[in-house]
$ cat final-v1.csv   # CSV, C-alpha atoms
chain,number,residue,atom,x,y,z
A,1,MET,CA,64.4,5.7,2.0
A,2,SER,CA,61.3,6.7,4.1
A,3,ALA,CA,60.6,10.2,5.0
A,4,GLY,CA,61.2,9.2,8.7
A,5,THR,CA,64.8,8.4,8.0
A,6,MET,CA,65.5,11.1,5.4
A,7,PRO,CA,67.4,14.2,6.7
A,8,LEU,CA,65.0,17.0,7.5
A,9,GLN,CA,66.5,19.4,5.0
A,10,GLU,CA,66.0,16.9,2.2
A,11,VAL,CA,62.4,16.4,3.2
A,12,LEU,CA,61.9,20.2,3.2
A,13,THR,CA,63.4,20.5,-0.2
A,14,HIS,CA,60.8,18.0,-1.6
A,15,LEU,CA,58.0,19.7,0.4
A,16,GLU,CA,58.8,23.1,-1.1
A,17,VAL,CA,58.5,21.5,-4.6
A,18,MET,CA,55.2,19.9,-3.5
A,19,ALA,CA,53.9,23.2,-2.1
A,20,ASN,CA,54.6,25.2,-5.2
A,21,GLU,CA,53.5,22.5,-7.6
A,22,SER,CA,50.2,22.0,-5.7
A,23,LEU,CA,49.1,25.7,-5.7
A,24,PRO,CA,46.9,25.2,-8.8
A,25,LEU,CA,44.7,23.0,-6.7
A,26,TRP,CA,43.3,26.2,-5.2
A,27,PRO,CA,42.0,29.4,-6.8
A,28,VAL,CA,45.2,31.4,-6.2
A,29,PRO,CA,46.5,34.0,-8.6
A,30,MET,CA,48.9,33.0,-11.3
A,31,GLY,CA,52.5,33.5,-10.3
A,32,ALA,CA,51.9,32.8,-6.6
A,33,LYS,CA,54.8,31.3,-4.6
A,34,ALA,CA,54.9,29.3,-1.4
A,35,ARG,CA,57.6,30.1,1.2
A,36,LEU,CA,58.3,28.0,4.3
A,37,ILE,CA,57.5,29.9,7.5
A,38,ASN,CA,57.4,27.1,10.1
A,39,VAL,CA,58.2,23.4,10.5
A,40,SER,CA,57.0,21.4,13.5
A,41,GLU,CA,54.5,18.6,13.2
A,42,ASN,CA,53.6,20.0,9.8
A,43,ALA,CA,55.3,22.3,7.3
A,44,THR,CA,53.6,25.7,6.9
A,45,TYR,CA,54.0,28.0,4.0
A,46,LEU,CA,53.1,31.6,3.3
A,47,VAL,CA,51.6,31.9,-0.2
A,48,GLU,CA,52.0,35.3,-1.9
A,49,ALA,CA,51.2,36.9,-5.2
A,50,ASP,CA,50.9,40.7,-5.4
A,51,ASN,CA,48.2,41.6,-2.8
A,52,PHE,CA,47.1,38.0,-2.3
A,53,ARG,CA,48.3,36.1,0.8
A,54,SER,CA,47.2,32.7,2.2
A,55,VAL,CA,48.7,30.0,4.4
A,56,LEU,CA,49.3,26.4,3.2
A,57,ARG,CA,49.7,23.6,5.7
A,58,ILE,CA,51.3,20.3,4.5
A,59,HIS,CA,50.5,17.6,7.1
A,60,ARG,CA,53.0,15.1,8.3
A,61,PRO,CA,52.1,11.5,7.2
A,62,ALA,CA,50.3,9.1,9.5
A,63,TYR,CA,49.2,11.7,12.1
A,64,HIS,CA,45.7,12.5,11.0
A,65,SER,CA,43.3,11.0,8.5
A,66,ARG,CA,41.6,13.0,5.8
A,67,GLU,CA,38.3,12.6,7.8
A,68,GLY,CA,40.0,13.8,11.0
A,69,ILE,CA,41.4,16.9,9.4
A,70,GLY,CA,37.9,17.6,8.1
A,71,GLN,CA,36.6,17.4,11.6
A,72,GLU,CA,39.3,19.8,12.9
A,73,LEU,CA,38.2,22.3,10.2
A,74,ALA,CA,34.5,21.8,11.0
A,75,TRP,CA,35.0,22.6,14.7
A,76,ALA,CA,37.2,25.6,14.0
A,77,ARG,CA,34.7,27.0,11.5
A,78,ALA,CA,31.8,26.4,13.9
A,79,LEU,CA,33.6,28.3,16.6
A,80,SER,CA,34.1,31.3,14.3
A,81,ASP,CA,30.6,31.1,12.8
A,82,ASP,CA,29.0,31.0,16.3
A,83,GLY,CA,30.9,34.0,17.4
A,84,MET,CA,33.0,32.3,20.1
A,85,VAL,CA,36.5,33.1,18.7
A,86,ARG,CA,37.9,34.2,15.4
A,87,THR,CA,39.7,31.4,13.5
A,88,PRO,CA,41.2,31.5,9.9
A,89,SER,CA,38.8,30.1,7.3
A,90,PRO,CA,40.0,27.2,5.2
A,91,ILE,CA,40.0,27.9,1.4
A,92,PRO,CA,38.3,25.1,-0.6
A,93,GLY,CA,40.2,23.7,-3.6
A,94,ARG,CA,39.0,24.1,-7.1
A,95,ASP,CA,37.1,20.8,-6.6
A,96,GLY,CA,35.3,22.2,-3.6
A,97,GLU,CA,37.2,20.1,-1.0
A,98,PHE,CA,39.1,21.6,1.9
A,99,VAL,CA,41.6,18.8,2.2
A,100,GLN,CA,43.8,18.2,-0.8
A,101,GLU,CA,46.5,15.7,-1.6
A,102,GLY,CA,50.0,16.2,-3.1
A,103,GLN,CA,52.9,14.0,-4.0
A,104,VAL,CA,56.4,14.5,-5.4
A,105,PRO,CA,58.8,11.8,-6.6
A,106,GLY,CA,61.3,12.4,-3.8
A,107,LEU,CA,58.9,11.5,-1.0
A,108,PRO,CA,57.5,7.9,-0.7
A,109,GLU,CA,54.0,8.9,0.3
A,110,PRO,CA,51.4,11.6,-0.5
A,111,ARG,CA,50.7,14.4,1.9
A,112,LEU,CA,47.4,15.9,2.9
A,113,MET,CA,47.2,19.7,2.6
A,114,VAL,CA,44.9,22.6,3.7
A,115,MET,CA,45.0,26.2,2.7
A,116,PHE,CA,43.8,28.9,5.0
A,117,GLU,CA,42.9,32.6,4.6
A,118,PHE,CA,45.7,34.8,5.9
A,119,ALA,CA,45.0,36.0,9.4
A,120,ALA,CA,46.4,39.5,10.4
A,121,GLY,CA,48.1,40.1,13.7
A,122,ARG,CA,51.2,39.4,15.6
A,123,GLN,CA,52.2,36.7,18.0
A,124,PRO,CA,52.9,38.0,21.6
A,125,ASP,CA,56.5,37.7,22.7
A,126,GLU,CA,57.2,35.9,26.0
A,127,ASN,CA,59.5,38.7,27.1
A,128,GLU,CA,56.8,41.4,27.0
A,129,ASP,CA,54.1,41.8,29.7
A,130,LEU,CA,51.8,39.0,28.8
A,131,THR,CA,49.2,39.6,31.5
A,132,ALA,CA,46.6,41.1,29.1
A,133,PRO,CA,47.1,38.4,26.4
A,134,PHE,CA,46.8,35.6,28.9
A,135,GLU,CA,43.6,37.1,30.3
A,136,ARG,CA,42.2,37.1,26.8
A,137,LEU,CA,43.5,33.6,26.3
A,138,GLY,CA,41.7,32.4,29.4
A,139,ALA,CA,38.4,33.9,28.1
A,140,ILE,CA,39.0,32.4,24.6
A,141,ALA,CA,39.6,29.0,26.2
A,142,ALA,CA,36.4,29.2,28.3
A,143,ARG,CA,34.4,30.0,25.1
A,144,THR,CA,35.9,27.1,23.2
A,145,HIS,CA,35.0,24.8,26.2
A,146,ILE,CA,31.4,26.0,26.3
A,147,HIS,CA,31.2,25.5,22.6
A,148,SER,CA,32.8,22.0,22.9
A,149,GLN,CA,30.1,21.0,25.4
A,150,ASN,CA,27.3,22.0,23.1
A,151,TRP,CA,28.6,21.3,19.6
A,152,THR,CA,27.3,18.1,18.0
A,153,LYS,CA,30.5,16.1,17.4
A,154,PRO,CA,30.8,13.5,14.6
A,155,GLU,CA,29.7,10.1,15.7
A,156,LEU,CA,33.2,8.7,15.0
A,157,LEU,CA,35.5,11.4,16.1
A,158,GLN,CA,38.9,10.8,14.5
A,159,ARG,CA,40.9,13.2,16.6
A,160,LEU,CA,43.7,12.8,19.1
A,161,VAL,CA,43.0,12.0,22.8
A,162,TRP,CA,45.2,14.0,25.2
A,163,ASP,CA,45.1,11.9,28.4
A,164,THR,CA,47.8,10.2,30.5
A,165,GLU,CA,47.8,7.2,28.1
A,166,ALA,CA,48.6,9.5,25.2
A,167,VAL,CA,51.6,10.9,27.1
A,168,PHE,CA,52.8,8.0,29.2
A,169,GLY,CA,51.4,4.9,27.5
A,170,PRO,CA,53.3,2.3,25.4
A,171,ASN,CA,52.0,4.0,22.2
A,172,ALA,CA,52.4,7.6,23.3
A,173,TYR,CA,52.0,10.1,20.5
A,174,TRP,CA,55.4,11.7,20.9
A,175,GLY,CA,57.3,8.7,22.2
A,176,ASN,CA,58.8,7.9,25.6
A,177,TRP,CA,60.1,10.9,27.6
A,178,ARG,CA,62.9,8.6,28.9
A,179,ASP,CA,64.4,8.6,25.4
A,180,ALA,CA,64.8,12.4,25.3
A,181,PRO,CA,68.3,14.0,25.4
A,182,ASN,CA,70.0,14.4,28.7
A,183,VAL,CA,67.6,12.4,30.8
A,184,THR,CA,70.1,11.2,33.4
A,185,PRO,CA,69.4,8.5,35.9
A,186,GLU,CA,68.8,11.2,38.6
A,187,ILE,CA,66.4,13.1,36.3
A,188,ARG,CA,64.6,9.9,35.3
A,189,GLU,CA,64.0,9.0,38.9
A,190,VAL,CA,62.3,12.2,39.8
A,191,LEU,CA,60.3,12.3,36.6
A,192,GLU,CA,59.1,8.7,37.2
A,193,GLU,CA,57.9,9.8,40.6
A,194,ALA,CA,56.1,12.8,39.1
A,195,GLU,CA,54.5,10.5,36.4
A,196,VAL,CA,53.0,8.3,39.1
A,197,VAL,CA,51.5,11.3,41.0
A,198,VAL,CA,50.2,12.9,37.8
A,199,CYS,CA,48.4,9.7,36.8
A,200,GLU,CA,47.0,9.1,40.3
A,201,ARG,CA,45.7,12.7,40.6
A,202,LEU,CA,44.1,12.8,37.2
A,203,ALA,CA,42.4,9.4,37.7
A,204,ARG,CA,40.8,11.0,40.8
A,205,PHE,CA,40.0,14.2,38.9
A,206,GLY,CA,38.1,12.2,36.4
A,207,LYS,CA,36.7,12.9,32.9
A,208,GLY,CA,33.3,14.3,33.7
A,209,PRO,CA,31.7,16.4,30.9
A,210,ASP,CA,32.2,19.6,32.9
A,211,ARG,CA,36.0,19.2,32.8
A,212,TYR,CA,36.8,17.0,29.8
A,213,GLY,CA,35.9,17.3,26.1
A,214,LEU,CA,37.0,18.6,22.8
A,215,ILE,CA,39.9,21.1,23.3
A,216,HIS,CA,42.3,23.1,21.1
A,217,ALA,CA,45.3,21.3,22.9
A,218,ASP,CA,48.0,23.7,21.6
A,219,MET,CA,46.8,27.1,22.9
A,220,ARG,CA,50.2,28.7,23.2
A,221,LEU,CA,51.2,32.2,22.3
A,222,ALA,CA,52.5,31.1,18.9
A,223,ASN,CA,48.9,30.2,18.0
A,224,LEU,CA,47.4,33.5,19.1
A,225,LEU,CA,47.4,36.5,16.8
A,226,ILE,CA,46.7,39.9,18.3
A,227,ASP,CA,45.3,42.5,16.0
A,228,GLY,CA,44.0,45.4,18.1
A,229,ASP,CA,41.2,44.0,20.3
A,230,ASN,CA,40.5,41.1,17.9
A,231,PRO,CA,42.6,38.0,18.8
A,232,THR,CA,42.6,35.1,16.3
A,233,LEU,CA,43.2,31.5,17.4
A,234,ILE,CA,45.0,29.5,14.8
A,235,ASP,CA,46.3,25.9,14.3
A,236,PHE,CA,43.8,23.4,15.6
A,237,ASP,CA,46.0,20.6,14.3
A,238,ASP,CA,46.3,19.0,17.8
A,239,SER,CA,42.7,19.5,18.7
A,240,GLY,CA,41.0,16.5,20.2
A,241,LEU,CA,39.6,15.1,23.5
A,242,GLY,CA,41.3,16.2,26.7
A,243,TRP,CA,40.8,18.0,30.0
A,244,PHE,CA,39.8,21.6,29.6
A,245,LEU,CA,42.6,22.8,31.9
A,246,TYR,CA,45.1,21.2,29.6
A,247,ASP,CA,44.6,24.2,27.5
A,248,PHE,CA,46.2,26.4,30.1
A,249,ALA,CA,49.2,24.1,30.3
A,250,THR,CA,49.6,24.3,26.5
A,251,GLY,CA,49.5,28.1,26.9
A,252,VAL,CA,52.8,28.1,28.9
A,253,SER,CA,54.5,25.4,26.7
A,254,PHE,CA,58.2,25.8,26.7
A,255,MET,CA,58.1,28.7,29.1
A,256,GLU,CA,57.0,26.9,32.3
A,257,THR,CA,59.9,28.2,34.3
A,258,HIS,CA,59.5,31.8,33.1
A,259,PRO,CA,59.2,34.2,36.1
A,260,GLN,CA,56.0,35.6,34.6
A,261,VAL,CA,54.1,32.3,34.8
A,262,PRO,CA,52.5,32.8,38.2
A,263,ALA,CA,51.0,36.1,37.1
A,264,LEU,CA,50.0,34.7,33.8
A,265,ARG,CA,48.2,31.8,35.6
A,266,GLU,CA,46.2,34.3,37.7
A,267,ALA,CA,45.4,36.3,34.5
A,268,TRP,CA,44.3,33.2,32.6
A,269,VAL,CA,42.1,32.1,35.5
A,270,ARG,CA,40.6,35.6,35.8
A,271,GLY,CA,39.8,35.7,32.1
A,272,TYR,CA,38.4,32.1,32.2
A,273,ARG,CA,36.1,32.8,35.2
A,274,GLY,CA,34.8,35.9,33.5
A,275,VAL,CA,33.2,33.5,30.9
A,276,ARG,CA,32.8,30.1,32.6
A,277,PRO,CA,32.9,28.8,36.2
A,278,LEU,CA,36.1,27.3,37.5
A,279,SER,CA,36.1,25.7,40.9
A,280,SER,CA,38.9,26.0,43.4
A,281,GLU,CA,39.5,22.3,43.1
A,282,GLU,CA,40.0,22.6,39.4
A,283,GLU,CA,42.3,25.6,39.8
A,284,ARG,CA,44.5,23.7,42.2
A,285,GLU,CA,44.9,20.9,39.6
A,286,ILE,CA,46.5,23.3,37.1
A,287,ASP,CA,49.9,22.3,38.4
A,288,THR,CA,49.2,18.7,37.4
A,289,PHE,CA,48.3,19.6,33.9
A,290,VAL,CA,51.4,21.8,33.5
A,291,MET,CA,53.5,18.7,34.7
A,292,LEU,CA,51.6,16.4,32.2
A,293,ARG,CA,52.2,18.8,29.3
A,294,ARG,CA,55.9,19.4,30.2
A,295,MET,CA,56.6,15.7,30.2
A,296,ALA,CA,54.8,15.4,26.9
A,297,LEU,CA,57.0,18.2,25.5
A,298,LEU,CA,60.1,16.4,26.8
A,299,ALA,CA,59.1,13.3,24.8
A,300,TRP,CA,58.3,15.6,21.8
A,301,ILE,CA,61.9,17.0,21.9
A,302,GLY,CA,63.3,13.5,21.8
A,303,SER,CA,61.1,12.3,18.9
A,304,HIS,CA,61.6,15.5,16.9
A,305,ILE,CA,65.2,16.2,17.5
A,306,GLU,CA,66.0,16.6,13.8
A,307,ALA,CA,64.1,19.9,13.8
A,308,PRO,CA,65.8,23.2,14.8
A,309,GLU,CA,63.5,24.1,17.7
A,310,PRO,CA,63.9,20.9,19.6
A,311,GLN,CA,67.7,21.0,19.0
A,312,SER,CA,67.9,24.4,20.5
A,313,MET,CA,66.0,23.4,23.7
A,314,ALA,CA,67.5,19.9,24.1
A,315,PRO,CA,70.6,20.8,26.2
A,316,HIS,CA,68.6,22.1,29.2
A,317,PHE,CA,65.0,20.9,28.8
A,318,ALA,CA,65.3,17.6,30.8
A,319,ALA,CA,67.0,19.4,33.7
A,320,GLY,CA,64.3,22.1,33.6
A,321,THR,CA,61.6,19.5,33.6
A,322,ALA,CA,63.1,17.8,36.6
A,323,LYS,CA,63.2,21.2,38.5
A,324,ILE,CA,59.5,21.6,37.7
A,325,ALA,CA,58.8,18.0,38.9
A,326,ARG,CA,60.6,18.6,42.2
A,327,GLU,CA,58.4,21.7,42.9
A,328,TYR,CA,55.3,19.7,41.8
A,329,LEU,CA,56.1,16.8,44.1
A,330,SER,CA,56.7,19.2,47.0
A,331,LEU,CA,53.1,20.4,46.6
A,332,PHE,CA,51.4,17.0,46.3
A,333,THR,CA,53.5,14.4,48.2

$ encode --input "final-v1.csv" --output "structure tokens"
Amino acid sequence: MSAGTMPLQEVLTHLEVMANESLPLWPVPMGAKARLINVSENATYLVEADNFRSVLRIHRPAYHSREGIGQELAWARALSDDGMVRTPSPIPGRDGEFVQEGQVPGLPEPRLMVMFEFAAGRQPDENEDLTAPFERLGAIAARTHIHSQNWTKPELLQRLVWDTEAVFGPNAYWGNWRDAPNVTPEIREVLEEAEVVVCERLARFGKGPDRYGLIHADMRLANLLIDGDNPTLIDFDDSGLGWFLYDFATGVSFMETHPQVPALREAWVRGYRGVRPLSSEEEREIDTFVMLRRMALLAWIGSHIEAPEPQSMAPHFAAGTAKIAREYLSLFT
């Protein structure tokens, strides 16, 4: 049985064994234990022993190469080293390598793993006033984009590409949004119309170096840790090439219909413009990137339905996406 057809709970049972058996690969204290804290694309564990804490990420198979993960870590470290934004430092293994490999008998293939220093702070909650965090997030995004334009990228960049082909193409990373739960014929019709408009507008918007480059690509609140006045940006796993404004759309992932979003958009833009120019034309296109991201998330729910988070959102997500699409089409058609 492959990991793809194995029930999630069975996979997690094997991964917990792998996590704990792999701890000696790193210089962690004797007696350290790994405890699952999140499962999405990857499985993430908190590693604890007395006063020691770190975070272990076990990658899903066939999503990133070892070289690609190394490139992710290199950019995140450069952002921190250059004073653009705080990011958790990866911890090298006892062999000096940041990317390690583990395998257990219950899983058919080995998994790549990275351990990070523990980052202090709390994730903002979507039901609190998020204006200040989003203004910070806008400034952080702008700094990452400035850095992206100036950082010398590897000649062969083995990272994801977040464009319309990645979301709507025949080999879309997260599958076809039409296969997601509760996509009725009526919902499919409006979303297909929205897909056409998104693709047309982004083709005109273009991929010039002032608006397209290396991005975080998952800059949502779950990946922002607030500790006083020192925010930390975590989880660069989805980082790759994409439109800079896609980072705003990822910031409102899963909360696009929240009544705070218009104010959060204003705050994000204000924070962004405090660091990097943003034209009125670019600002107007934010709606297109929100639509693109929302449809990508609909596909993600369909292709990850075995996990608890997609299951909890599945009953209403397609209908909510259609509502956003109708509002989007009223603006641009």

$ residues_around --input "final-v1.csv" --residues "Pro110 (chain A)" --least-positions-apart "3" --cutoff "7 Å" --atoms "all atoms listed in the file" --output "list in words"
Glu101, Gly102 and Gln103 of chain A

$ atom_distance --input "final-v1.csv" --atom1 "CA of Gly302 (chain A)" --atom2 "CA of Trp174 (chain A)"
8.2 Å

$ residues_around --input "final-v1.csv" --residues "region 204-219 of chain A" --least-positions-apart "3" --cutoff "8 Å" --atoms "all atoms listed in the file" --output "list in words"
Thr144, His145, Ser148, Gln149, Trp162, Glu200, Arg201, Asn223, Leu224, Leu233, Asp235, Phe236, Asp238, Ser239, Gly240, Leu241, Gly242, Trp243, Phe244, Leu245, Tyr246, Asp247, Phe248, Thr250 and Gly251 of chain A

$ closest_residue --input "final-v1.csv" --among "A:Val198, A:Gly169, A:Ala19, A:Glu306" --to "Met6 (chain A)" --atoms "all atoms listed in the file"
A:Glu306

$ residues_near_point --input "final-v1.csv" --point "(64.3, 25.6, 21.6)" --cutoff "12 Å" --atoms "only C-alpha atoms" --output "list of chain:residue names"
A:Ser40, A:Ser253, A:Phe254, A:Met255, A:Leu297, A:Leu298, A:Trp300, A:Ile301, A:His304, A:Ile305, A:Ala307, A:Pro308, A:Glu309, A:Pro310, A:Gln311, A:Ser312, A:Met313, A:Ala314, A:Pro315, A:His316, A:Phe317

$ closest_residue --input "final-v1.csv" --among "A:Met291, A:Ala203, A:Val114, A:Ile140" --to "Asn230 (chain A)" --atoms "only C-alpha atoms"
A:Ile140

$ atom_distance --input "final-v1.csv" --atom1 "CA of Gln9 (chain A)" --atom2 "CA of Tyr45 (chain A)"
15.2 Å

$ residues_near_point --input "final-v1.csv" --point "(51.6, 31.4, -6.2)" --cutoff "8 Å" --atoms "only C-alpha atoms" --output "list of chain:residue names"
A:Asn20, A:Leu23, A:Val28, A:Pro29, A:Met30, A:Gly31, A:Ala32, A:Lys33, A:Ala34, A:Val47, A:Glu48, A:Ala49

$ build_atoms --input "final-v1.csv" --residues "region 42-53 of chain A" --atoms "all heavy atoms" --output "PDB file, keeping the file's coordinate frame"
ATOM      1  N   ASN A  42      53.916  19.783  11.224  1.00  0.00           N
ATOM      2  CA  ASN A  42      53.600  20.000   9.800  1.00  0.00           C
ATOM      3  C   ASN A  42      54.574  21.036   9.248  1.00  0.00           C
ATOM      4  O   ASN A  42      55.306  21.693   9.998  1.00  0.00           O
ATOM      5  CB  ASN A  42      52.177  20.461   9.643  1.00  0.00           C
ATOM      6  CG  ASN A  42      51.198  19.546  10.347  1.00  0.00           C
ATOM      7  OD1 ASN A  42      51.231  18.336  10.169  1.00  0.00           O
ATOM      8  ND2 ASN A  42      50.321  20.115  11.165  1.00  0.00           N
ATOM      9  N   ALA A  43      54.539  21.197   7.941  1.00  0.00           N
ATOM     10  CA  ALA A  43      55.300  22.300   7.300  1.00  0.00           C
ATOM     11  C   ALA A  43      54.273  23.338   6.854  1.00  0.00           C
ATOM     12  O   ALA A  43      53.266  23.015   6.207  1.00  0.00           O
ATOM     13  CB  ALA A  43      56.060  21.751   6.088  1.00  0.00           C
ATOM     14  N   THR A  44      54.523  24.587   7.218  1.00  0.00           N
ATOM     15  CA  THR A  44      53.600  25.700   6.900  1.00  0.00           C
ATOM     16  C   THR A  44      54.237  26.689   6.030  1.00  0.00           C
ATOM     17  O   THR A  44      55.386  27.103   6.267  1.00  0.00           O
ATOM     18  CB  THR A  44      53.138  26.345   8.252  1.00  0.00           C
ATOM     19  OG1 THR A  44      52.633  25.342   9.142  1.00  0.00           O
ATOM     20  CG2 THR A  44      52.054  27.376   7.996  1.00  0.00           C
ATOM     21  N   TYR A  45      53.496  27.117   5.000  1.00  0.00           N
ATOM     22  CA  TYR A  45      54.000  28.000   4.000  1.00  0.00           C
ATOM     23  C   TYR A  45      53.153  29.244   3.838  1.00  0.00           C
ATOM     24  O   TYR A  45      51.915  29.163   3.910  1.00  0.00           O
ATOM     25  CB  TYR A  45      54.077  27.289   2.613  1.00  0.00           C
ATOM     26  CG  TYR A  45      55.019  26.117   2.595  1.00  0.00           C
ATOM     27  CD1 TYR A  45      54.620  24.868   3.101  1.00  0.00           C
ATOM     28  CD2 TYR A  45      56.313  26.235   2.105  1.00  0.00           C
ATOM     29  CE1 TYR A  45      55.481  23.794   3.116  1.00  0.00           C
ATOM     30  CE2 TYR A  45      57.180  25.154   2.111  1.00  0.00           C
ATOM     31  CZ  TYR A  45      56.771  23.938   2.619  1.00  0.00           C
ATOM     32  OH  TYR A  45      57.640  22.872   2.641  1.00  0.00           O
ATOM     33  N   LEU A  46      53.804  30.382   3.629  1.00  0.00           N
ATOM     34  CA  LEU A  46      53.100  31.600   3.300  1.00  0.00           C
ATOM     35  C   LEU A  46      53.027  31.647   1.744  1.00  0.00           C
ATOM     36  O   LEU A  46      54.055  31.541   1.059  1.00  0.00           O
ATOM     37  CB  LEU A  46      53.836  32.834   3.797  1.00  0.00           C
ATOM     38  CG  LEU A  46      53.204  34.188   3.464  1.00  0.00           C
ATOM     39  CD1 LEU A  46      51.832  34.328   4.095  1.00  0.00           C
ATOM     40  CD2 LEU A  46      54.128  35.327   3.903  1.00  0.00           C
ATOM     41  N   VAL A  47      51.832  31.791   1.231  1.00  0.00           N
ATOM     42  CA  VAL A  47      51.600  31.900  -0.200  1.00  0.00           C
ATOM     43  C   VAL A  47      51.343  33.312  -0.575  1.00  0.00           C
ATOM     44  O   VAL A  47      50.438  33.942  -0.012  1.00  0.00           O
ATOM     45  CB  VAL A  47      50.424  30.965  -0.635  1.00  0.00           C
ATOM     46  CG1 VAL A  47      50.195  31.056  -2.137  1.00  0.00           C
ATOM     47  CG2 VAL A  47      50.681  29.510  -0.218  1.00  0.00           C
ATOM     48  N   GLU A  48      52.117  33.855  -1.522  1.00  0.00           N
ATOM     49  CA  GLU A  48      52.000  35.300  -1.900  1.00  0.00           C
ATOM     50  C   GLU A  48      51.983  35.477  -3.368  1.00  0.00           C
ATOM     51  O   GLU A  48      52.663  34.764  -4.111  1.00  0.00           O
ATOM     52  CB  GLU A  48      53.175  36.059  -1.277  1.00  0.00           C
ATOM     53  CG  GLU A  48      53.223  36.085   0.242  1.00  0.00           C
ATOM     54  CD  GLU A  48      54.428  36.850   0.762  1.00  0.00           C
ATOM     55  OE1 GLU A  48      55.561  36.367   0.556  1.00  0.00           O
ATOM     56  OE2 GLU A  48      54.236  37.926   1.363  1.00  0.00           O
ATOM     57  N   ALA A  49      51.207  36.472  -3.784  1.00  0.00           N
ATOM     58  CA  ALA A  49      51.200  36.900  -5.200  1.00  0.00           C
ATOM     59  C   ALA A  49      50.561  38.316  -5.189  1.00  0.00           C
ATOM     60  O   ALA A  49      49.369  38.449  -4.902  1.00  0.00           O
ATOM     61  CB  ALA A  49      50.407  35.986  -6.072  1.00  0.00           C
ATOM     62  N   ASP A  50      51.356  39.342  -5.462  1.00  0.00           N
ATOM     63  CA  ASP A  50      50.900  40.700  -5.400  1.00  0.00           C
ATOM     64  C   ASP A  50      50.197  40.995  -4.081  1.00  0.00           C
ATOM     65  O   ASP A  50      50.829  40.872  -3.056  1.00  0.00           O
ATOM     66  CB  ASP A  50      49.909  40.987  -6.606  1.00  0.00           C
ATOM     67  CG  ASP A  50      50.605  40.815  -7.957  1.00  0.00           C
ATOM     68  OD1 ASP A  50      51.809  41.149  -8.021  1.00  0.00           O
ATOM     69  OD2 ASP A  50      49.975  40.339  -8.904  1.00  0.00           O
ATOM     70  N   ASN A  51      48.890  41.301  -4.059  1.00  0.00           N
ATOM     71  CA  ASN A  51      48.200  41.600  -2.800  1.00  0.00           C
ATOM     72  C   ASN A  51      47.551  40.378  -2.171  1.00  0.00           C
ATOM     73  O   ASN A  51      46.877  40.491  -1.145  1.00  0.00           O
ATOM     74  CB  ASN A  51      47.106  42.661  -3.061  1.00  0.00           C
ATOM     75  CG  ASN A  51      47.711  43.997  -3.462  1.00  0.00           C
ATOM     76  OD1 ASN A  51      48.773  44.371  -2.970  1.00  0.00           O
ATOM     77  ND2 ASN A  51      47.045  44.707  -4.360  1.00  0.00           N
ATOM     78  N   PHE A  52      47.744  39.222  -2.774  1.00  0.00           N
ATOM     79  CA  PHE A  52      47.100  38.000  -2.300  1.00  0.00           C
ATOM     80  C   PHE A  52      48.094  37.319  -1.257  1.00  0.00           C
ATOM     81  O   PHE A  52      49.295  37.203  -1.509  1.00  0.00           O
ATOM     82  CB  PHE A  52      46.846  37.016  -3.396  1.00  0.00           C
ATOM     83  CG  PHE A  52      46.354  35.667  -2.933  1.00  0.00           C
ATOM     84  CD1 PHE A  52      45.014  35.462  -2.690  1.00  0.00           C
ATOM     85  CD2 PHE A  52      47.250  34.607  -2.738  1.00  0.00           C
ATOM     86  CE1 PHE A  52      44.551  34.223  -2.259  1.00  0.00           C
ATOM     87  CE2 PHE A  52      46.791  33.369  -2.310  1.00  0.00           C
ATOM     88  CZ  PHE A  52      45.436  33.176  -2.074  1.00  0.00           C
ATOM     89  N   ARG A  53      47.511  36.857  -0.124  1.00  0.00           N
ATOM     90  CA  ARG A  53      48.300  36.100   0.800  1.00  0.00           C
ATOM     91  C   ARG A  53      47.378  34.975   1.414  1.00  0.00           C
ATOM     92  O   ARG A  53      46.207  35.220   1.720  1.00  0.00           O
ATOM     93  CB  ARG A  53      48.831  36.931   1.975  1.00  0.00           C
ATOM     94  CG  ARG A  53      50.030  37.764   1.584  1.00  0.00           C
ATOM     95  CD  ARG A  53      50.706  38.364   2.792  1.00  0.00           C
ATOM     96  NE  ARG A  53      49.878  39.369   3.445  1.00  0.00           N
ATOM     97  CZ  ARG A  53      50.245  40.047   4.541  1.00  0.00           C
ATOM     98  NH1 ARG A  53      51.425  39.816   5.094  1.00  0.00           N
ATOM     99  NH2 ARG A  53      49.444  40.946   5.069  1.00  0.00           N
TER     100      ARG A  53
END
